[in-house]
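Accompanying notes for the structure given below.
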Amino acid sequence: MNGTQMEMNLNPARGSRLKEALESGQFVTLIETQVPPGEMDRPSGIRRLEALEKAVLARDDGRAALAIVDNSSRPDWKAVEFAAALPEEDRDRHLIYLSGTGADRKAVSDLLQIAANAGLRNIAAVSGTVPEKDRSARNCGKLAFTESTETLKMLAAHPCGFYAGGTVNPFQYTPWTLLGSYYKMVKKFSCGAGFLVTQAGWDMLKLQSVAWYLTGRSLFYPHIARLILLSPEKAETIRSGGMPGIKISRDMKKLLDRELSLSKNQFEAAQYRRLELQAAGCRLLGFSGIQICGADTPAKAEFVMQRIRSALEEFTTFPAWLDEYNAFMASTEMAPFADDFQLYDRVLHRSYPFDAPPGTRELPAPDVSFGEKAGYFAKAFLFSGTEGETPGHAGCLRRLLTGCRGCRVCHLPKKSFICPATCPMKLVDGICGDAESDGSCPVTRQECVHHRILRLAHWRNRLPEQENLIFTAD
Ligand code: SF4
């Protein structure tokens with residue numbers, strides 16, 4: 001951490017213009033940029049950030065700002081510290097991400113103090129992702145993690161009055177990854193999130209579904225969709241699965257292949273048009289704004305904002321937008337495999353039916369083996385009285401059969417008798433956004449522990465209680 005940490009002139013509590021814009025119904029555009037890579041020296045990185053801020057705020061209608069994210073290749077310079085180098089007067093307009101990867105509670109608390117001292121008001125808490133080089137259970141076990149739900153609780157308790165946000169990956173295709181993501185999103189609101197940002201993706205059905213889920217739960221919080229402006233290099237990285245959490249279907253890969261075979265100008269034109277259509281669609285679906293990744297130079301940011309503005313003027317009705325979107329995407333299937341699970345019927349073909357809220361589709365019967373059933377009943381016999389116990393009670397048998405890690409309060413009976421702290425990132429409140437399309441964990445290559453908990457909970461007809469159960473590991 002740099003000298004900013006030592007700055008003790010606490011900024012007086014003041015509001016957040018991002019919050020005002022989102023809560024007054026303006027459609028906000030955030031231009032995403034990240035902490036510069038290691039080869040760039042700090043003064044050059046700061047100059048680049050200042051130039052980008054100038055270009056973005058030049059629109060001066062209060063609807064554009066920056067979203068500043070961490071760079072996993074540069075763990076020594078956090079987004080909060082980077083953002084604190086911006087001129088003070090507009091820091092409350094920008095959204096800053098705070099990742100819990102590689103940071104324990106003390107490190108997160110220190111970063112929050114830096115943000116408070118610097119007058120940064122809008123913080124999105126993310127659990128983060130395991131760096132590629134540490135993607136083995138052994139290396140992962142050596143890393144510190146603070147789950148986003150914990151960071152949100154710390155943000156809510158901080159005296160400076162942060163405007164805190166949570167994230168969700170709505171691009172999920174099995175019933176349990178999809179519900180797991182929604183349940184975790186609801187927990188984030190319970191822990192203090194005041195707005196939401198989605199993971200990036202192209203599947204507008206999933207974006208409408210998450211918006212419907214929020215409406216159905218009366219969670220009328222601002223929600224922002226993260227969209228990507230692809231460069232040929234980024235398209236290649238995503239095609240090869242090199243961006244954790246970003247899911248891509250076979251059809252979408254083929255579409256990108258076709259676009260990559262075009263001239264550079266034609267490739268770019270296709271990307272801008274897709275971005276325009278997604279941006280206009282998000283507004284018509286009720287999103288409060290968009291966060292654009294891939295446009296972090298002043299010239300690109302200006303151009304993107306101009307294109308988005310024209311698209312918002314071009315599409316003012318949902319049917320006109322849908323016709324153009326369908327024509328452009330040419331029935332590209334967005335699900336990574338054939339049996340895509342949709343929670344609602346006729347998504348993207350009607351607006352939210354307030355008079356007759358959409359029923360959810362019946363979940364398919366979970367595939368639970370005889371061994372799993374026998375194991376469940378054996379553990380239920382042995383451990384059904386453990387709810388609420390403290391770590392001192394955990395014996396060898398519990399450790400052996402449930403993976404018990406001695407959490408502060410035991411919720412094994414509510415967690416299908418599987419200790420959630422066995423997640424390699426120690427995320428106990430639910431599934432992370434990096435889980436693979438089939439529900440497997442990118443670190444262990446086995447079924448995600450939360451996917452398994454939900455699958456078994458569904459078999460026992462105990463799914464709904466998973467939505468509100470906020471856990472405590474340490
Ligand atoms: S077990 Fe699940 S929540 Fe934990 S890191 Fe793996 S995929 Fe993410």
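Chain labels follow the order of the structure tokens: the first chain is A, the next B, and so on; residue numbering restarts at 1 in every chain, and ligands are counted from 1 in their shown order.
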
| field | Residues within 12 Å of Glu147 in chain A, only C-alpha atoms, excluding chain neighbours under 2 positions, as an MDAnalysis selection string | value | chainID A and resid 98:105 108 125:129 144:145 149:154 166:167 184 187:188 191 421 423:432 470:474

Export C-alpha atoms of the chosen residues as a PDB file, in the first residue's frame?
ATOM      1  CA  LEU A  98     -12.850  -4.307  -4.086  1.00  0.00           C
ATOM      2  CA  SER A  99     -11.802  -7.913  -4.552  1.00  0.00           C
ATOM      3  CA  GLY A 100     -11.454 -10.293  -1.622  1.00  0.00           C
ATOM      4  CA  THR A 101      -8.927 -12.527  -3.372  1.00  0.00           C
ATOM      5  CA  GLY A 102      -5.551 -12.370  -1.612  1.00  0.00           C
ATOM      6  CA  ALA A 103      -7.007 -10.123   1.116  1.00  0.00           C
ATOM      7  CA  ASP A 104      -7.974 -11.090   4.648  1.00  0.00           C
ATOM      8  CA  ARG A 105     -10.449  -9.072   6.713  1.00  0.00           C
ATOM      9  CA  VAL A 108     -10.125  -5.329   3.332  1.00  0.00           C
ATOM     10  CA  ALA A 125     -17.611  -5.998  -3.372  1.00  0.00           C
ATOM     11  CA  VAL A 126     -16.455  -9.086  -5.225  1.00  0.00           C
ATOM     12  CA  SER A 127     -15.009 -12.301  -3.876  1.00  0.00           C
ATOM     13  CA  GLY A 128     -12.622 -12.315  -6.821  1.00  0.00           C
ATOM     14  CA  THR A 129     -11.225 -15.181  -8.754  1.00  0.00           C
ATOM     15  CA  ALA A 144      -6.409 -15.473   1.789  1.00  0.00           C
ATOM     16  CA  PHE A 145      -9.995 -14.760   0.693  1.00  0.00           C
ATOM     17  CA  THR A 149     -20.898 -10.961   1.691  1.00  0.00           C
ATOM     18  CA  GLU A 150     -18.340 -10.278   4.451  1.00  0.00           C
ATOM     19  CA  THR A 151     -17.043  -7.181   2.647  1.00  0.00           C
ATOM     20  CA  LEU A 152     -20.619  -5.949   2.203  1.00  0.00           C
ATOM     21  CA  LYS A 153     -21.240  -6.282   5.935  1.00  0.00           C
ATOM     22  CA  MET A 154     -18.047  -4.295   6.604  1.00  0.00           C
ATOM     23  CA  GLY A 166     -22.909  -6.647  -5.183  1.00  0.00           C
ATOM     24  CA  THR A 167     -22.364  -8.676  -8.311  1.00  0.00           C
ATOM     25  CA  LYS A 184     -26.329 -15.512  -3.407  1.00  0.00           C
ATOM     26  CA  LYS A 187     -27.912 -12.661   0.364  1.00  0.00           C
ATOM     27  CA  LYS A 188     -25.803  -9.767  -0.894  1.00  0.00           C
ATOM     28  CA  CYS A 191     -25.734  -7.974   3.741  1.00  0.00           C
ATOM     29  CA  ALA A 421     -16.115 -24.103   3.883  1.00  0.00           C
ATOM     30  CA  CYS A 423     -14.981 -24.566  -1.147  1.00  0.00           C
ATOM     31  CA  PRO A 424     -11.340 -23.915  -2.124  1.00  0.00           C
ATOM     32  CA  MET A 425     -11.971 -20.161  -1.899  1.00  0.00           C
ATOM     33  CA  LYS A 426     -13.729 -20.710   1.461  1.00  0.00           C
ATOM     34  CA  LEU A 427     -16.872 -19.068   0.109  1.00  0.00           C
ATOM     35  CA  VAL A 428     -19.529 -20.209   2.547  1.00  0.00           C
ATOM     36  CA  ASP A 429     -22.488 -18.091   1.475  1.00  0.00           C
ATOM     37  CA  GLY A 430     -22.949 -19.574  -1.955  1.00  0.00           C
ATOM     38  CA  ILE A 431     -21.671 -20.273  -5.397  1.00  0.00           C
ATOM     39  CA  CYS A 432     -19.119 -18.014  -7.086  1.00  0.00           C
ATOM     40  CA  ILE A 470     -26.169 -16.334   5.498  1.00  0.00           C
ATOM     41  CA  PHE A 471     -23.288 -18.243   6.929  1.00  0.00           C
ATOM     42  CA  THR A 472     -20.274 -17.426   9.080  1.00  0.00           C
ATOM     43  CA  ALA A 473     -17.089 -19.386   8.589  1.00  0.00           C
ATOM     44  CA  ASP A 474     -14.503 -17.973  10.975  1.00  0.00           C
TER      45      ASP A 474
END

| request: For Val130 in chain A, work out the shell of residues within 9 Å, counting only C-alpha atoms and skipping chain neighbours fewer than 5 positions away, then give it as a PyMOL selection string. | output: chain A and resi 72+101-102+135+140+143+244+425+442-443

Restricting the output to all heavy atoms, write the selected residues as a compact mmCIF listing (two decimals), in the first residue's frame.
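As a result, selection_25.txt now contains:
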# COMPACT_ATOMS: atom_id res chain seq x y z
N SER A 72 -5.50 -8.76 -11.59
CA SER A 72 -4.94 -9.88 -10.82
C SER A 72 -3.44 -10.03 -11.06
O SER A 72 -2.73 -10.62 -10.25
CB SER A 72 -5.67 -11.19 -11.15
OG SER A 72 -5.56 -11.45 -12.52
N THR A 101 -9.98 -11.54 -3.12
CA THR A 101 -8.93 -12.53 -3.37
C THR A 101 -7.58 -11.99 -2.91
O THR A 101 -7.19 -10.87 -3.26
CB THR A 101 -8.85 -12.87 -4.88
OG1 THR A 101 -10.10 -13.38 -5.28
CG2 THR A 101 -7.77 -13.89 -5.16
N GLY A 102 -6.88 -12.78 -2.10
CA GLY A 102 -5.55 -12.37 -1.61
C GLY A 102 -5.65 -11.36 -0.48
O GLY A 102 -4.64 -10.76 -0.11
N ARG A 135 -4.46 -22.18 -9.66
CA ARG A 135 -5.67 -23.00 -9.83
C ARG A 135 -5.42 -24.47 -9.51
O ARG A 135 -5.61 -25.36 -10.33
CB ARG A 135 -6.22 -22.82 -11.24
CG ARG A 135 -6.82 -21.43 -11.39
CD ARG A 135 -7.94 -21.36 -12.33
NE ARG A 135 -8.66 -20.13 -12.00
CZ ARG A 135 -9.86 -19.82 -12.41
NH1 ARG A 135 -10.51 -20.66 -13.15
NH2 ARG A 135 -10.43 -18.69 -12.08
N CYS A 140 -4.35 -22.83 -3.89
CA CYS A 140 -5.51 -22.03 -3.51
C CYS A 140 -5.64 -21.98 -1.98
O CYS A 140 -5.98 -20.94 -1.41
CB CYS A 140 -6.74 -22.67 -4.14
SG CYS A 140 -8.13 -21.59 -4.19
N LEU A 143 -3.93 -19.13 -0.22
CA LEU A 143 -4.34 -17.74 -0.45
C LEU A 143 -5.38 -17.31 0.58
O LEU A 143 -6.19 -18.13 1.03
CB LEU A 143 -4.99 -17.61 -1.83
CG LEU A 143 -4.08 -17.58 -3.05
CD1 LEU A 143 -4.92 -17.57 -4.31
CD2 LEU A 143 -3.20 -16.33 -3.01
N PRO A 244 -12.25 -16.15 -16.80
CA PRO A 244 -13.07 -16.87 -15.83
C PRO A 244 -14.45 -16.25 -15.67
O PRO A 244 -14.58 -15.03 -15.60
CB PRO A 244 -12.28 -16.74 -14.52
CG PRO A 244 -10.92 -16.29 -14.91
CD PRO A 244 -11.02 -15.64 -16.24
N MET A 425 -12.11 -21.59 -2.21
CA MET A 425 -11.97 -20.16 -1.90
C MET A 425 -12.61 -19.83 -0.55
O MET A 425 -12.72 -18.66 -0.20
CB MET A 425 -12.63 -19.30 -3.00
CG MET A 425 -11.81 -19.23 -4.28
SD MET A 425 -12.72 -18.37 -5.59
CE MET A 425 -12.63 -16.68 -5.06
N PRO A 442 -13.84 -24.63 -11.12
CA PRO A 442 -12.64 -24.50 -11.95
C PRO A 442 -11.35 -24.83 -11.21
O PRO A 442 -10.32 -25.05 -11.82
CB PRO A 442 -12.67 -23.03 -12.38
CG PRO A 442 -13.51 -22.34 -11.37
CD PRO A 442 -14.48 -23.34 -10.85
N VAL A 443 -11.41 -24.87 -9.87
CA VAL A 443 -10.19 -25.16 -9.11
C VAL A 443 -10.07 -26.66 -8.85
O VAL A 443 -9.04 -27.28 -9.15
CB VAL A 443 -10.19 -24.40 -7.76
CG1 VAL A 443 -8.93 -24.71 -6.96
CG2 VAL A 443 -10.31 -22.90 -8.00

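Restricting the calculation to only C-alpha atoms and all ligand atoms, the smallest distance between ligand 1 and any of A:Arg91, A:Arg217, A:Lys133, A:His451 is found for A:His451.
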
| message | Excluding range 195-202 of chain A and its own-chain neighbours fewer than 3 positions away, which residues fall within 8 Å of it when counting only C-alpha atoms? Please give them as a ChimeraX atom specification. | response | /A:164-171,189,221-228,245-248,278,334,433

Write the residues you've just listed into a file as a PDB file, in the first residue's frame, and include C-alpha atoms for each of them.
ATOM      1  CA  ALA A 164     -22.172  -0.626  -1.669  1.00  0.00           C
ATOM      2  CA  GLY A 165     -22.868  -2.927  -4.578  1.00  0.00           C
ATOM      3  CA  GLY A 166     -22.909  -6.647  -5.183  1.00  0.00           C
ATOM      4  CA  THR A 167     -22.364  -8.676  -8.311  1.00  0.00           C
ATOM      5  CA  VAL A 168     -24.117 -11.654  -9.879  1.00  0.00           C
ATOM      6  CA  ASN A 169     -23.347 -13.999 -12.739  1.00  0.00           C
ATOM      7  CA  PRO A 170     -26.779 -14.543 -14.316  1.00  0.00           C
ATOM      8  CA  PHE A 171     -25.330 -16.563 -17.215  1.00  0.00           C
ATOM      9  CA  PHE A 189     -28.783  -7.432  -0.590  1.00  0.00           C
ATOM     10  CA  TYR A 221     -32.531  -2.051  -6.450  1.00  0.00           C
ATOM     11  CA  PRO A 222     -30.670  -0.448  -9.357  1.00  0.00           C
ATOM     12  CA  HIS A 223     -29.032  -3.089 -11.526  1.00  0.00           C
ATOM     13  CA  ILE A 224     -26.283  -2.572 -14.070  1.00  0.00           C
ATOM     14  CA  ALA A 225     -25.382  -4.958 -16.896  1.00  0.00           C
ATOM     15  CA  ARG A 226     -21.711  -5.434 -17.708  1.00  0.00           C
ATOM     16  CA  LEU A 227     -21.154  -5.606 -21.474  1.00  0.00           C
ATOM     17  CA  ILE A 228     -17.999  -6.265 -23.472  1.00  0.00           C
ATOM     18  CA  GLY A 245     -16.827 -16.620 -15.376  1.00  0.00           C
ATOM     19  CA  ILE A 246     -17.561 -15.602 -18.969  1.00  0.00           C
ATOM     20  CA  LYS A 247     -19.526 -18.365 -20.636  1.00  0.00           C
ATOM     21  CA  ILE A 248     -19.661 -18.820 -24.348  1.00  0.00           C
ATOM     22  CA  GLN A 278     -27.329  -4.901 -25.925  1.00  0.00           C
ATOM     23  CA  MET A 334     -26.460 -18.660 -26.240  1.00  0.00           C
ATOM     24  CA  GLY A 433     -19.450 -16.608 -10.583  1.00  0.00           C
TER      25      GLY A 433
END

| request: Name the closest residue to ligand 1 among the candidates A:Ile292, A:Ile418, A:Leu322, A:Ala280; distances are taken between atoms, counting only C-alpha atoms and all ligand atoms. | output: A:Ile418

| query | Of the candidates A:Arg283, A:Gln266, A:Met252, A:Thr215, which one gets nearest to Pro357 in chain A if we count only C-alpha atoms? | reply |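 When distances to Pro357 in chain A are compared using only C-alpha atoms, the smallest one comes from A:Thr215.
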
| Among range 166-339 of chain A, which residues carry a DSSP assignment of alpha helix (DSSP H), reported as an MDAnalysis selection string? | chainID A and resid 175:190 204:216 232:239 250:260 264:284 298:314 318:329

| said: Using DSSP assignments from the backbone, pull out every residue in range 53-98 of chain A that falls under strand (DSSP E) and give it to me as number ranges by chain. | reply: A: 64-69, 95-98

Once you have the residues from the selection above, write them out as a short mmCIF file (atom, residue, chain, number, x, y, z; two decimals), in the first residue's frame, restricted to N, CA and C atoms.
data_model
loop_
_atom_site.label_atom_id
_atom_site.label_comp_id
_atom_site.auth_asym_id
_atom_site.auth_seq_id
_atom_site.Cartn_x
_atom_site.Cartn_y
_atom_site.Cartn_z
N ALA A 64 -22.36 9.44 -16.99
CA ALA A 64 -21.20 8.61 -17.34
C ALA A 64 -20.15 8.73 -16.25
N ALA A 65 -19.49 7.64 -15.98
CA ALA A 65 -18.44 7.65 -14.96
C ALA A 65 -17.54 6.44 -15.21
N LEU A 66 -16.58 6.25 -14.33
CA LEU A 66 -15.65 5.13 -14.49
C LEU A 66 -16.03 3.99 -13.56
N ALA A 67 -15.68 2.78 -13.97
CA ALA A 67 -15.71 1.62 -13.07
C ALA A 67 -14.28 1.12 -13.04
N ILE A 68 -13.66 1.10 -11.86
CA ILE A 68 -12.24 0.77 -11.77
C ILE A 68 -12.09 -0.58 -11.07
N VAL A 69 -11.45 -1.51 -11.77
CA VAL A 69 -11.36 -2.87 -11.25
C VAL A 69 -9.90 -3.24 -10.97
N LEU A 95 -17.34 4.14 -9.72
CA LEU A 95 -17.55 2.88 -9.00
C LEU A 95 -16.21 2.15 -8.91
N ILE A 96 -15.85 1.75 -7.69
CA ILE A 96 -14.56 1.09 -7.47
C ILE A 96 -14.82 -0.34 -6.99
N TYR A 97 -14.13 -1.28 -7.56
CA TYR A 97 -14.30 -2.69 -7.16
C TYR A 97 -13.29 -3.03 -6.07
N LEU A 98 -13.75 -3.84 -5.15
CA LEU A 98 -12.85 -4.31 -4.09
C LEU A 98 -12.92 -5.84 -4.07
#

| said: Could you check the closest approach to ligand 1 for each of A:Glu436, A:Asp61, A:Glu333, A:Glu20 and tell me which residue wins, using only C-alpha atoms and all ligand atoms? | reply: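 Using only C-alpha atoms and all ligand atoms, the shortest distance to ligand 1 belongs to A:Glu436.
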
| request: Have a look at A:Gly403, A:Pro420, A:Gly281, A:Pro391 and name the one nearest to ligand 1; count only C-alpha atoms and all ligand atoms. | output: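 For ligand 1, the nearest of the given residues is A:Pro420.
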
| task | Within 12 Å of Gly392 in chain A, counting only C-alpha atoms, which residues show up once you throw out same-chain ones fewer than 6 positions away? Write them as a PyMOL selection string, please. | result | chain A and resi 386+398+404-410

| message | Neighbouring residues of Phe328 in chain A were defined as those with any atom within 8 Å, considering only C-alpha atoms; residues of the same chain fewer than 3 positions away were excluded. Please report them as a PyMOL selection string. | response | chain A and resi 274+324-325

| said: Can you tell me which residues surround Tyr163 in chain A at a distance of at most 7 Å, considering only C-alpha atoms, apart from same-chain residues fewer than 3 positions away, and format the answer as an MDAnalysis selection string? | reply: chainID A and resid 19 121:123 194

| said: Env of Gly439 in chain A: 12 Å cut, atoms = only C-alpha atoms, seq-sep filter 4 positions within chain, self excluded. Answer as a PyMOL selection string. | reply: chain A and resi 171-181+245+431-435+444-455

| When you draw a straight line from CA of Phe354 in chain A to CA of Asp203 in chain A, how long is it in Å? |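 Straight-line distance from CA of Phe354 in chain A to CA of Asp203 in chain A works out to 23.4 Å.
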
| Pairwise distance for CA of Leu22 in chain A and CA of Ala124 in chain A, rounded to one decimal in Å | 14.3 Å

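Compared by their closest atoms to Leu207 in chain A, and using only C-alpha atoms, the residues A:Gly161, A:Pro36, A:Phe287, A:Arg462 rank with A:Phe287 nearest.
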
| Rounded to one decimal in Å, what is the spacing between CA of Gly286 in chain A and CA of Ser148 in chain A? |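 Spanning CA of Gly286 in chain A to CA of Ser148 in chain A is a straight-line distance of 25.0 Å.
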